[in-house]
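Data block for query18.cif (mmCIF, C-alpha atoms):
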```cif
data_my_file
loop_
_atom_site.label_atom_id
_atom_site.label_comp_id
_atom_site.auth_asym_id
_atom_site.auth_seq_id
_atom_site.Cartn_x
_atom_site.Cartn_y
_atom_site.Cartn_z
CA MET A 9 123.08 -244.97 6.10
CA PHE A 10 124.91 -243.18 8.92
CA VAL A 11 123.54 -240.90 11.59
CA TRP A 12 125.13 -237.46 11.70
CA ASP A 13 124.82 -235.01 14.57
CA VAL A 14 123.95 -231.54 13.33
CA LEU A 15 125.55 -228.59 15.10
CA GLY A 16 124.88 -224.90 14.74
CA LYS A 17 125.95 -221.47 15.88
CA ARG A 18 123.26 -218.98 16.84
CA SER A 19 125.68 -216.09 16.45
CA ASP A 20 129.28 -215.63 15.35
CA ASN A 21 130.50 -215.58 18.93
CA ASP A 22 128.87 -218.90 19.86
CA GLU A 23 130.48 -222.31 19.86
CA PHE A 24 128.93 -225.09 17.82
CA THR A 25 126.19 -226.82 19.79
CA ALA A 26 124.16 -229.90 18.86
CA VAL A 27 120.74 -229.10 17.43
CA GLY A 28 119.64 -232.43 15.98
CA GLY A 29 120.57 -235.13 13.53
CA VAL A 30 120.18 -236.36 9.97
CA LYS A 31 120.69 -239.66 8.19
CA ALA A 32 123.04 -239.54 5.21
CA PRO A 33 125.59 -241.76 3.46
CA ASP A 34 128.48 -239.29 3.75
CA ALA A 35 129.47 -235.88 5.09
CA GLU A 36 128.71 -233.96 1.90
CA MET A 37 125.16 -235.25 1.75
CA ALA A 38 124.73 -234.78 5.49
CA LEU A 39 125.68 -231.10 5.15
CA LEU A 40 123.37 -230.68 2.18
CA LEU A 41 120.43 -232.05 4.13
CA ALA A 42 121.31 -230.46 7.47
CA ARG A 43 121.11 -226.95 6.01
CA GLU A 44 117.44 -227.33 5.13
CA THR A 45 116.30 -229.61 7.95
CA HIS A 46 117.68 -227.46 10.76
CA PHE A 47 118.44 -223.96 9.45
CA ARG A 48 115.84 -223.11 6.83
CA HIS A 49 114.19 -220.70 9.26
CA LYS A 50 117.47 -218.82 9.75
CA GLU A 51 118.12 -220.54 13.07
CA GLY A 52 121.84 -219.84 12.94
CA VAL A 53 124.82 -218.29 11.22
CA ALA A 54 126.88 -221.45 10.73
CA TYR A 55 126.31 -225.18 10.72
CA ALA A 56 128.27 -228.40 10.78
CA VAL A 57 127.83 -232.15 10.96
CA ARG A 58 129.72 -234.84 12.83
CA ARG A 59 129.22 -238.53 12.25
CA ARG A 60 127.87 -239.99 15.46
CA GLY A 61 130.71 -241.55 17.39
CA SER A 62 133.35 -239.54 15.53
CA THR A 63 135.10 -236.34 16.55
CA GLU A 64 135.70 -235.00 13.04
CA LEU A 65 133.64 -231.88 12.40
CA HIS A 66 132.54 -230.97 8.85
CA VAL A 67 131.55 -227.32 8.58
CA GLY A 68 128.98 -226.16 6.02
CA SER A 69 130.20 -223.83 3.28
CA TYR A 70 127.16 -221.56 3.17
CA GLY A 71 127.59 -218.29 5.02
CA ALA A 72 125.08 -216.69 7.33
CA GLU A 73 123.59 -214.55 4.56
CA LEU A 74 122.65 -217.65 2.55
CA ILE A 75 121.27 -219.79 5.37
CA GLY A 76 117.50 -219.70 5.26
CA GLY A 77 117.41 -218.11 1.81
CA ILE A 78 117.78 -214.63 0.37
CA THR A 79 114.32 -214.05 -1.03
CA ASP A 80 111.24 -213.51 1.10
CA ARG A 81 110.57 -216.55 3.28
CA SER A 82 108.47 -214.84 5.92
CA TYR A 83 105.60 -217.21 5.23
CA ARG A 84 107.54 -220.10 6.68
CA ARG A 85 108.67 -218.29 9.79
CA GLN A 86 106.63 -217.29 12.83
CA GLU A 87 106.80 -213.62 11.86
CA GLY A 88 104.90 -214.50 8.70
CA TYR A 89 101.86 -215.38 10.75
CA THR A 90 101.63 -212.01 12.44
CA GLY A 91 98.17 -210.57 12.01
CA VAL A 92 96.53 -213.80 10.91
CA GLY A 93 93.55 -213.09 13.18
CA ALA A 94 92.95 -209.72 11.52
CA LYS A 95 93.36 -211.28 8.09
CA HIS A 96 90.87 -213.98 9.01
CA ARG A 97 88.32 -211.38 10.10
CA ARG A 98 88.85 -209.35 6.92
CA VAL A 99 88.49 -212.38 4.65
CA SER A 100 85.44 -213.58 6.60
CA GLU A 101 83.82 -210.19 6.05
CA GLU A 102 84.67 -210.31 2.34
CA MET A 103 83.22 -213.78 2.05
CA ALA A 104 80.12 -212.75 3.98
CA GLY A 105 79.70 -209.96 1.44
CA ARG A 106 79.53 -212.68 -1.19
CA GLY A 107 76.99 -214.61 0.83
CA LEU A 108 79.49 -217.16 2.12
CA VAL A 109 79.57 -217.78 5.85
CA VAL A 110 81.48 -220.52 7.65
CA ASP A 111 78.95 -221.57 10.27
CA ARG A 112 80.32 -224.89 11.43
CA PRO A 113 83.65 -226.41 12.48
CA ARG A 114 85.75 -228.40 10.05
CA PRO A 115 84.27 -231.90 9.78
CA SER A 116 86.15 -234.76 11.37
CA PRO A 117 88.24 -236.79 8.89
CA GLY A 118 85.58 -239.52 8.72
CA ARG A 119 82.83 -236.99 8.22
CA ALA A 120 84.93 -235.18 5.59
CA ARG A 121 85.21 -238.37 3.57
CA ALA A 122 81.47 -238.95 3.80
CA LEU A 123 80.87 -235.35 2.75
CA ALA A 124 83.24 -235.81 -0.18
CA ARG A 125 81.30 -238.86 -1.29
CA GLU A 126 78.03 -236.95 -1.03
CA GLN A 127 79.45 -234.08 -3.04
CA ALA A 128 80.94 -236.44 -5.60
CA GLU A 129 77.55 -238.02 -6.09
CA SER A 130 75.88 -234.67 -6.43
CA HIS A 131 78.57 -233.58 -8.95
CA GLY A 132 78.48 -236.90 -10.75
CA THR A 133 82.20 -237.61 -10.43
CA GLU A 134 83.09 -241.26 -10.79
CA ASP A 135 86.14 -241.56 -8.55
CA GLY A 136 84.37 -240.58 -5.38
CA GLY A 137 86.77 -237.69 -4.86
CA LEU A 138 86.10 -234.00 -4.61
CA PRO A 139 85.43 -232.17 -7.83
CA SER A 140 88.47 -230.65 -9.51
CA GLY A 141 89.55 -227.13 -8.65
CA ALA A 142 87.96 -225.82 -11.80
CA ASP A 143 84.59 -227.22 -10.72
CA LEU A 144 84.80 -226.33 -7.05
CA SER A 145 82.44 -223.48 -6.40
CA PRO A 146 82.75 -221.08 -3.48
CA GLU A 147 79.71 -222.82 -2.02
CA ASP A 148 81.58 -226.14 -2.15
CA LEU A 149 84.49 -224.61 -0.32
CA ALA A 150 82.27 -223.09 2.33
CA ALA A 151 80.46 -226.39 2.84
CA GLN A 152 83.74 -228.06 3.73
CA GLY A 153 84.27 -225.64 6.61
CA THR A 154 87.48 -223.93 7.52
CA ALA A 155 87.54 -223.88 11.30
CA GLY A 156 88.87 -226.46 13.69
CA MET B 25 97.41 -212.35 -24.34
CA THR B 26 98.88 -212.60 -27.81
CA ALA B 27 102.64 -212.50 -28.37
CA PRO B 28 104.03 -209.94 -25.95
CA GLU B 29 104.74 -206.60 -27.62
CA ASP B 30 107.88 -205.97 -25.62
CA PRO B 31 110.34 -208.81 -26.28
CA ARG B 32 111.65 -208.41 -22.75
CA VAL B 33 108.38 -209.88 -21.49
CA GLY B 34 108.96 -213.05 -23.49
CA LEU B 35 112.45 -213.33 -22.04
CA LEU B 36 111.25 -212.81 -18.47
CA LEU B 37 108.39 -215.25 -18.84
CA SER B 38 110.59 -217.93 -20.34
CA ILE B 39 112.53 -217.98 -17.07
CA ALA B 40 109.77 -217.07 -14.62
CA ASP B 41 107.30 -219.62 -15.94
CA ASP B 42 109.97 -222.33 -15.90
CA GLU B 43 110.71 -221.48 -12.29
CA LEU B 44 107.04 -221.36 -11.29
CA VAL B 45 106.09 -224.63 -12.98
CA MET B 46 109.27 -226.39 -11.87
CA GLY B 47 108.65 -225.20 -8.33
CA HIS B 48 105.09 -226.48 -8.49
CA ARG B 49 106.25 -229.90 -9.64
CA HIS B 50 108.97 -230.04 -6.97
CA SER B 51 106.42 -229.11 -4.31
CA GLU B 52 104.46 -232.24 -5.19
CA TRP B 53 107.23 -234.23 -3.49
CA THR B 54 106.42 -232.59 -0.16
CA GLY B 55 105.44 -235.42 2.14
CA TRP B 56 106.44 -238.07 -0.39
CA ALA B 57 110.21 -237.77 -0.85
CA PRO B 58 112.30 -240.87 -0.06
CA HIS B 59 113.17 -239.63 3.44
CA ILE B 60 112.22 -236.71 5.60
CA GLU B 61 115.52 -234.85 5.24
CA GLU B 62 115.15 -234.92 1.49
CA ASP B 63 111.51 -233.97 1.80
CA LEU B 64 112.57 -230.71 3.43
CA ALA B 65 115.45 -230.10 1.02
CA PHE B 66 113.33 -230.59 -2.07
CA SER B 67 110.50 -228.51 -0.62
CA SER B 68 112.95 -225.68 0.03
CA ILE B 69 114.14 -225.81 -3.55
CA ALA B 70 110.51 -225.61 -4.66
CA GLN B 71 110.04 -222.50 -2.53
CA ASP B 72 113.20 -220.96 -3.99
CA GLU B 73 112.00 -221.51 -7.55
CA ILE B 74 108.58 -220.00 -6.88
CA ALA B 75 110.20 -217.04 -5.12
CA HIS B 76 112.41 -216.47 -8.16
CA ALA B 77 109.37 -216.55 -10.40
CA ARG B 78 107.78 -213.87 -8.23
CA LEU B 79 110.85 -211.63 -8.53
CA LEU B 80 110.71 -211.90 -12.31
CA TYR B 81 106.94 -211.26 -12.44
CA GLU B 82 107.53 -208.15 -10.33
CA LEU B 83 110.10 -206.97 -12.84
CA ALA B 84 107.61 -207.62 -15.64
CA GLU B 85 104.77 -205.75 -13.93
CA PRO B 86 105.51 -202.30 -15.44
CA LEU B 87 105.64 -203.93 -18.89
CA THR B 88 102.51 -206.04 -18.54
CA GLY B 89 100.36 -204.02 -16.15
CA ARG B 90 99.63 -207.24 -14.30
CA THR B 91 100.51 -208.06 -10.70
CA PRO B 92 102.76 -211.00 -9.87
CA ASP B 93 99.75 -213.01 -8.68
CA GLU B 94 97.91 -212.29 -11.91
CA MET B 95 100.94 -213.32 -13.91
CA ALA B 96 101.52 -216.48 -11.91
CA LEU B 97 97.94 -217.64 -11.57
CA GLY B 98 95.66 -215.48 -13.69
CA ARG B 99 96.72 -216.37 -17.22
CA GLY B 100 95.26 -218.86 -19.62
CA PRO B 101 97.28 -222.00 -20.46
CA GLY B 102 98.43 -220.66 -23.82
CA GLU B 103 99.91 -217.55 -22.19
CA TYR B 104 102.55 -219.48 -20.23
CA ARG B 105 106.04 -219.70 -21.69
CA SER B 106 107.33 -222.62 -19.63
CA SER B 107 109.25 -225.44 -21.23
CA TRP B 108 107.89 -228.95 -21.56
CA LEU B 109 110.62 -230.31 -19.33
CA CYS B 110 109.21 -228.44 -16.34
CA GLU B 111 105.66 -229.53 -17.03
CA ARG B 112 106.20 -233.26 -16.92
CA PRO B 113 104.90 -235.19 -13.90
CA ASN B 114 107.49 -236.13 -11.31
CA GLY B 115 107.51 -239.82 -12.10
CA ASP B 116 109.84 -241.69 -9.81
CA TRP B 117 112.72 -240.25 -7.82
CA GLY B 118 115.21 -241.13 -10.55
CA TYR B 119 113.35 -239.00 -13.09
CA SER B 120 112.86 -236.14 -10.64
CA ILE B 121 116.55 -236.05 -9.77
CA ALA B 122 117.62 -236.35 -13.40
CA ARG B 123 115.33 -233.48 -14.33
CA GLN B 124 116.42 -231.32 -11.41
CA PHE B 125 120.07 -231.90 -12.29
CA LEU B 126 119.54 -231.07 -15.97
CA TYR B 127 117.25 -228.13 -15.31
CA ASP B 128 119.44 -226.44 -12.74
CA THR B 129 122.66 -226.92 -14.69
CA ALA B 130 120.92 -225.36 -17.70
CA ASP B 131 119.40 -222.63 -15.56
CA ALA B 132 122.86 -221.78 -14.24
CA VAL B 133 124.14 -221.19 -17.77
CA ARG B 134 121.35 -218.83 -18.76
CA LEU B 135 121.44 -216.95 -15.45
CA GLU B 136 125.20 -216.45 -15.68
CA ALA B 137 124.74 -214.98 -19.15
CA LEU B 138 122.04 -212.62 -17.92
CA THR B 139 124.26 -211.16 -15.22
CA ALA B 140 125.84 -209.19 -18.08
CA SER B 141 122.50 -207.97 -19.42
CA SER B 142 122.27 -204.36 -20.52
CA TRP B 143 118.99 -204.34 -18.60
CA THR B 144 120.65 -203.71 -15.27
CA GLU B 145 117.55 -204.40 -13.19
CA LEU B 146 117.44 -207.89 -14.66
CA GLY B 147 121.16 -208.43 -14.19
CA ASP B 148 120.94 -207.40 -10.55
CA LEU B 149 117.92 -209.60 -9.92
CA VAL B 150 119.63 -212.59 -11.49
CA LYS B 151 122.59 -212.16 -9.16
CA VAL B 152 120.20 -212.57 -6.22
CA MET B 153 118.72 -215.67 -7.80
CA GLN B 154 122.17 -217.14 -8.34
CA MET B 155 122.89 -217.01 -4.62
CA GLU B 156 120.03 -219.42 -3.97
CA GLU B 157 120.50 -221.44 -7.12
CA ARG B 158 123.91 -222.54 -5.86
CA TYR B 159 122.16 -224.89 -3.44
CA HIS B 160 120.09 -226.35 -6.26
CA LEU B 161 123.25 -227.17 -8.18
CA ASP B 162 124.85 -228.71 -5.11
CA HIS B 163 121.73 -230.78 -4.52
CA GLY B 164 121.43 -231.99 -8.10
CA ARG B 165 125.10 -232.87 -8.38
CA ALA B 166 125.18 -234.64 -5.01
CA TRP B 167 122.34 -236.92 -6.03
CA PHE B 168 123.69 -237.36 -9.57
CA GLU B 169 127.06 -238.49 -8.26
CA ARG B 170 125.60 -240.91 -5.72
CA LEU B 171 122.99 -242.48 -7.95
CA SER B 172 125.37 -242.77 -10.89
CA ALA B 173 127.84 -244.58 -8.64
CA GLY B 174 125.29 -247.27 -7.90
CA PRO B 175 123.94 -249.56 -6.66
CA VAL B 176 122.63 -250.90 -9.93
CA THR B 177 118.97 -250.13 -9.35
CA GLY B 178 119.62 -246.51 -8.44
CA ARG B 179 121.97 -246.02 -11.37
CA GLN B 180 119.46 -247.56 -13.76
CA ARG B 181 116.66 -245.34 -12.48
CA LEU B 182 118.85 -242.27 -12.90
CA ALA B 183 119.79 -243.37 -16.43
CA ASP B 184 116.13 -243.94 -17.27
CA GLY B 185 115.31 -240.50 -15.91
CA LEU B 186 118.10 -238.87 -17.90
CA SER B 187 117.03 -240.68 -21.07
CA ALA B 188 113.46 -239.50 -20.58
CA SER B 189 114.35 -235.89 -19.83
CA ILE B 190 117.48 -234.93 -21.74
CA GLY B 191 115.79 -234.28 -25.06
CA GLU B 192 113.36 -231.83 -23.49
CA ALA B 193 116.17 -230.33 -21.43
CA VAL B 194 117.86 -229.36 -24.70
CA ALA B 195 114.65 -227.56 -25.61
CA LEU B 196 115.08 -225.26 -22.61
CA PHE B 197 117.28 -223.37 -25.06
CA GLU B 198 114.87 -223.17 -27.96
CA PRO B 199 115.08 -219.72 -29.56
CA LEU B 200 112.99 -217.04 -27.91
CA PRO B 201 110.46 -214.83 -29.64
CA ASP B 202 112.23 -211.74 -31.01
CA GLU B 203 115.56 -213.15 -29.89
CA GLU B 204 117.56 -211.27 -32.51
CA GLY B 205 116.42 -207.96 -31.09
CA LEU B 206 117.11 -209.05 -27.52
CA VAL B 207 120.64 -210.06 -28.45
CA ALA B 208 121.26 -206.95 -30.53
CA ASP B 209 120.30 -204.79 -27.54
CA ARG B 210 122.38 -207.04 -25.27
CA ILE B 211 119.37 -207.57 -23.02
CA LEU B 212 120.14 -211.21 -23.71
CA PRO B 213 123.93 -210.98 -24.02
CA ARG B 214 124.35 -214.31 -25.84
CA PRO B 215 122.07 -216.21 -28.24
CA THR B 216 120.28 -219.26 -26.88
CA ALA B 217 122.19 -221.44 -29.36
CA ASP B 218 125.42 -220.27 -27.77
CA LEU B 219 124.08 -221.02 -24.29
CA LEU B 220 122.93 -224.45 -25.41
CA SER B 221 126.36 -225.19 -26.80
CA GLU B 222 128.00 -224.27 -23.50
CA TRP B 223 125.55 -226.34 -21.43
CA LEU B 224 125.63 -229.36 -23.71
CA GLY B 225 129.42 -229.38 -23.77
CA ALA B 226 129.60 -229.28 -19.99
CA ILE B 227 126.81 -231.76 -19.34
CA GLY B 228 128.30 -234.10 -21.93
CA GLU B 229 131.56 -234.14 -20.01
CA GLU B 230 129.78 -234.87 -16.73
CA LEU B 231 127.81 -237.70 -18.31
CA GLU B 232 130.95 -239.13 -19.87
CA ALA B 233 132.74 -239.03 -16.53
CA ALA B 234 129.90 -241.11 -15.08
CA SER B 235 129.78 -243.37 -18.18
CA LEU B 236 126.22 -242.21 -18.73
CA ASP B 237 126.77 -240.33 -21.99
CA PHE B 238 124.83 -243.03 -23.82
CA VAL B 239 121.66 -241.22 -22.71
CA LEU B 240 122.54 -238.42 -25.15
CA GLU B 241 122.13 -240.81 -28.05
CA ARG B 242 119.47 -243.12 -26.71
CA HIS B 243 117.07 -240.72 -25.13
CA ALA B 244 113.33 -240.95 -25.40
CA SER B 245 111.72 -238.65 -27.91
CA SER B 246 108.62 -236.87 -26.75
CA SER B 247 105.44 -237.72 -28.54
CA GLY B 248 102.89 -235.86 -26.49
CA GLU B 249 99.90 -234.07 -27.77
CA MET B 250 100.01 -230.31 -27.99
CA VAL B 251 97.84 -227.85 -26.16
CA PRO B 252 97.22 -225.10 -28.68
CA THR B 253 97.65 -221.45 -27.90
CA SER B 254 94.67 -219.37 -26.93
CA SER B 255 94.49 -218.24 -30.53
CA GLY B 256 94.62 -221.83 -31.74
CA GLU B 257 97.91 -221.32 -33.54
CA MET B 258 100.01 -224.42 -34.13
CA GLU B 259 102.53 -222.93 -36.49
CA GLY B 260 106.06 -224.24 -36.62
CA GLU B 261 104.90 -227.75 -35.81
CA GLU B 262 107.13 -229.56 -38.27
CA GLU B 263 110.32 -227.94 -37.10
CA ALA B 264 109.46 -227.86 -33.41
CA PHE B 265 108.68 -231.56 -33.18
CA SER B 266 111.37 -233.03 -35.33
CA ALA B 267 113.80 -235.35 -33.59
CA PRO B 268 116.34 -233.53 -31.47
CA GLY B 269 119.86 -233.61 -32.84
CA VAL B 270 122.56 -234.28 -30.31
CA ALA B 271 125.78 -235.57 -31.81
CA ARG B 272 129.41 -235.91 -30.92
CA ARG B 273 131.66 -233.85 -33.15
CA ASP B 274 135.39 -233.40 -32.65
CA GLY B 275 135.26 -234.78 -29.13
CA ARG B 276 132.40 -232.58 -28.01
CA TRP B 277 128.63 -232.99 -27.74
CA VAL B 278 126.78 -230.50 -29.92
CA HIS B 279 123.21 -229.77 -30.91
CA GLU B 280 122.16 -230.12 -34.51
CA GLY B 281 118.74 -229.68 -36.07
CA GLY B 282 115.46 -229.54 -34.21
CA PHE B 283 114.23 -229.83 -30.67
CA SER B 284 112.17 -232.40 -28.85
CA GLY B 285 109.33 -230.89 -26.86
CA ALA B 286 109.85 -227.37 -28.12
CA GLY B 287 107.15 -224.73 -28.39
CA GLY B 288 106.83 -223.75 -24.75
CA ARG B 289 108.37 -220.32 -25.40
CA PHE B 290 105.52 -219.69 -27.84
CA GLY B 291 102.70 -220.96 -25.63
CA ARG B 292 102.52 -224.50 -26.98
CA HIS B 293 102.55 -227.06 -24.22
CA SER B 294 102.61 -230.77 -23.59
CA GLU B 295 99.52 -232.77 -22.67
CA ASP B 296 100.72 -232.64 -19.05
CA PHE B 297 100.40 -228.88 -18.74
CA LEU B 298 96.63 -228.45 -18.66
CA PRO B 299 96.04 -230.66 -15.59
CA LEU B 300 98.93 -228.90 -13.84
CA TRP B 301 97.53 -225.49 -14.75
CA GLU B 302 94.05 -226.42 -13.50
CA GLU B 303 95.42 -227.43 -10.12
CA MET B 304 97.93 -224.60 -9.81
CA THR B 305 95.44 -221.85 -10.64
CA GLY B 306 92.24 -223.43 -9.27
CA LEU B 307 91.95 -221.37 -6.10
CA PHE B 308 92.87 -218.12 -7.85
CA ARG B 309 90.22 -218.73 -10.50
CA ALA B 310 87.60 -219.71 -7.92
CA HIS B 311 88.07 -216.44 -6.05
CA PRO B 312 89.26 -213.81 -8.51
CA GLY B 313 90.67 -210.79 -6.76
CA ALA B 314 90.67 -212.40 -3.32
CA ARG B 315 93.56 -211.41 -1.03
CA TRP B 316 95.03 -212.99 2.06
#
```
Rewritten as structure tokens:
Amino acid sequence: MFVWDVLGKRSDNDEFTAVGGVKAPDAEMALLLARETHFRHKEGVAYAVRRRGSTELHVGSYGAELIGGITDRSYRRQEGYTGVGAKHRRVSEEMAGRGLVVDRPRPSPGRARALAREQAESHGTEDGGLPSGADLSPEDLAAQGTAG
Amino acid sequence: MTAPEDPRVGLLLSIADDELVMGHRHSEWTGWAPHIEEDLAFSSIAQDEIAHARLLYELAEPLTGRTPDEMALGRGPGEYRSSWLCERPNGDWGYSIARQFLYDTADAVRLEALTASSWTELGDLVKVMQMEERYHLDHGRAWFERLSAGPVTGRQRLADGLSASIGEAVALFEPLPDEEGLVADRILPRPTADLLSEWLGAIGEELEAASLDFVLERHASSSGEMVPTSSGEMEGEEEAFSAPGVARRDGRWVHEGGFSGAGGRFGRHSEDFLPLWEEMTGLFRAHPGARW
């Protein structure tokens, strides 16, 4: 498996600059993987790969309009997290209206496993895991905590 | 929901539910793909598929009176119209790649046909989907070509995956409810049998070029249990579960007879669907009406 330098252009007027690397057996696969590893958040308008140690540049065939996707991908970009605090307050109020209040931080991983075992015992599951989604009550979810 | 009154809903759901369920299965590779670059690529494809499902549910909303979230996550198992192929667990990487390759090549054929739909809103939407689906085809073909070229273990795993999935891939083209009316109105410009013929001819040539066409004759037949519809109907069982007929006639691979793993377009699903549905819809069912 070869290492390929990944290069990108922020805008049409820019030159290609190195932005990272991928491992791939050949240029076609390197381009395929570079598009999603380095440009899925619309980080540029063009991309290319160059096998490390080589000078030959392979330019990706997808145009700027296709890099990062056409359909709504706001949830995977920073802009998608705008207003999360307000959403959190609104949902907390809704949950409080249902009698559900998160009153403790998320348990540490070790504590979470112990809690899962306790809940499994109380639910009678045999594998020691959390109950399935269909069995998980809102109270179960609240008991796991969401902060932290 | 019984059989949709408007046949357009059945058409939309046959594609949207495939995309949603396929996207869900693909997303299960997140964090587990063979290497991190592929992890991101496959996860992106999963996001594309789910986004396409949402577009189609939005188009269906005026016909169903249900929001995209309700359509995606608020229906009972028997109301989904996804194909069995999309429901199957990921298995190993060879199966997942074989399925992705077969699914997206088949998806490309049906989407291309729908660009000429008399329902212009659908045709326009499909053109948007096609722009993202191009990457899925590139991805599937890139992996197909590399695994089929060896080494031996990789080629064998791909062949095993193709053998296990090709019969149910044929069933992606099982006839739709009220298909005659859809074709007559040119909402579906070409019958599913015609689309299947086109796909099977093309995929047969690709398999022959890779000396993997033996999977068309030696594929695994599905023998899963059925999940009945919400009404308990199991009609059409004999025809739907007869052995799939793929044969070579006059130098071309053609479909003859029944389908393996058919019934999805009528709400009949494999034994793998119910666990998937429980996980996929668990949060929505635990908090009906909740918004984020």
| said: What's the separation between atom CA of Ser235 of chain B and atom CA of Lys31 of chain A, in Å to one decimal place? | reply: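 According to the coordinates, atom CA of Ser235 of chain B and atom CA of Lys31 of chain A are separated by 28.1 Å.
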| said: Please compute the atom CA of Gly164 of chain B-atom CA of Ala77 of chain B distance, one decimal, in Å. | reply: 19.7 Å
| message | Can you measure atom CA of Ala35 of chain A to atom CA of Glu73 of chain A for me? One decimal in Å is fine. | response |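 Result for atom CA of Ala35 of chain A versus atom CA of Glu73 of chain A: 22.1 Å, one decimal.
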Contacts between chain B and chain A, please, where a residue of chain A counts if it comes within 10 Å (with only C-alpha atoms); show its shortest atom pair and distance in Å to one decimal, rows by chain and ascending number, as a tab-separated table.
```
residue	atom	partner	partner_atom	distance
A:Gly29	CA	B:Glu61	CA	9.7
A:Val30	CA	B:Glu61	CA	6.8
A:Lys31	CA	B:Glu61	CA	7.7
A:Ala32	CA	B:Glu61	CA	8.9
A:Pro33	CA	B:Arg170	CA	9.2
A:Glu36	CA	B:Ala166	CA	7.8
A:Met37	CA	B:Ala166	CA	6.8
A:Ala38	CA	B:Glu61	CA	9.2
A:Leu40	CA	B:His163	CA	6.9
A:Leu41	CA	B:Glu61	CA	5.8
A:Ala42	CA	B:Glu61	CA	7.6
A:Arg43	CA	B:Ala65	CA	8.2
A:Glu44	CA	B:Ala65	CA	5.3
A:Thr45	CA	B:Glu61	CA	6.0
A:His46	CA	B:Glu61	CA	9.5
A:Arg48	CA	B:Ser68	CA	7.8
A:Tyr70	CA	B:Tyr159	CA	8.9
A:Glu73	CA	B:Met155	CA	9.5
A:Leu74	CA	B:Met155	CA	7.2
A:Ile75	CA	B:Glu156	CA	9.4
A:Gly76	CA	B:Ser68	CA	9.2
A:Gly77	CA	B:Glu156	CA	6.5
A:Ile78	CA	B:Glu156	CA	6.8
A:Thr79	CA	B:Ala75	CA	6.5
A:Asp80	CA	B:Ala75	CA	7.2
A:Arg81	CA	B:Gln71	CA	8.3
A:Arg84	CA	B:Gln71	CA	9.8
A:Val92	CA	B:Trp316	CA	9.0
A:Lys95	CA	B:Trp316	CA	6.5
A:His96	CA	B:Trp316	CA	8.2
A:Arg98	CA	B:Trp316	CA	8.7
A:Val99	CA	B:Trp316	CA	7.1
A:Glu102	CA	B:Ala314	CA	8.5
A:Met103	CA	B:Ala314	CA	9.3
A:Ser140	CA	B:Glu303	CA	7.7
A:Gly141	CA	B:Gly306	CA	4.6
A:Ala142	CA	B:Gly306	CA	5.5
A:Asp143	CA	B:Ala310	CA	8.6
A:Leu144	CA	B:Ala310	CA	7.2
A:Ser145	CA	B:Ala310	CA	6.6
A:Pro146	CA	B:Ala310	CA	6.7
A:Leu149	CA	B:Ala310	CA	9.6
```
| request: Return the single residue from B:Ala193, B:Leu200, B:Met95, B:Leu149 that is closest to Phe283 of chain B, with distances computed using all atoms listed in the file. | output: B:Ala193
| request: Convert the output of the PyMOL selection byres ((chain B and resi 50) around 8) on the shown file into explicit residues, formatted as a PyMOL selection string. | output: chain B and resi 46-49+51-54+66-67+69-70+114
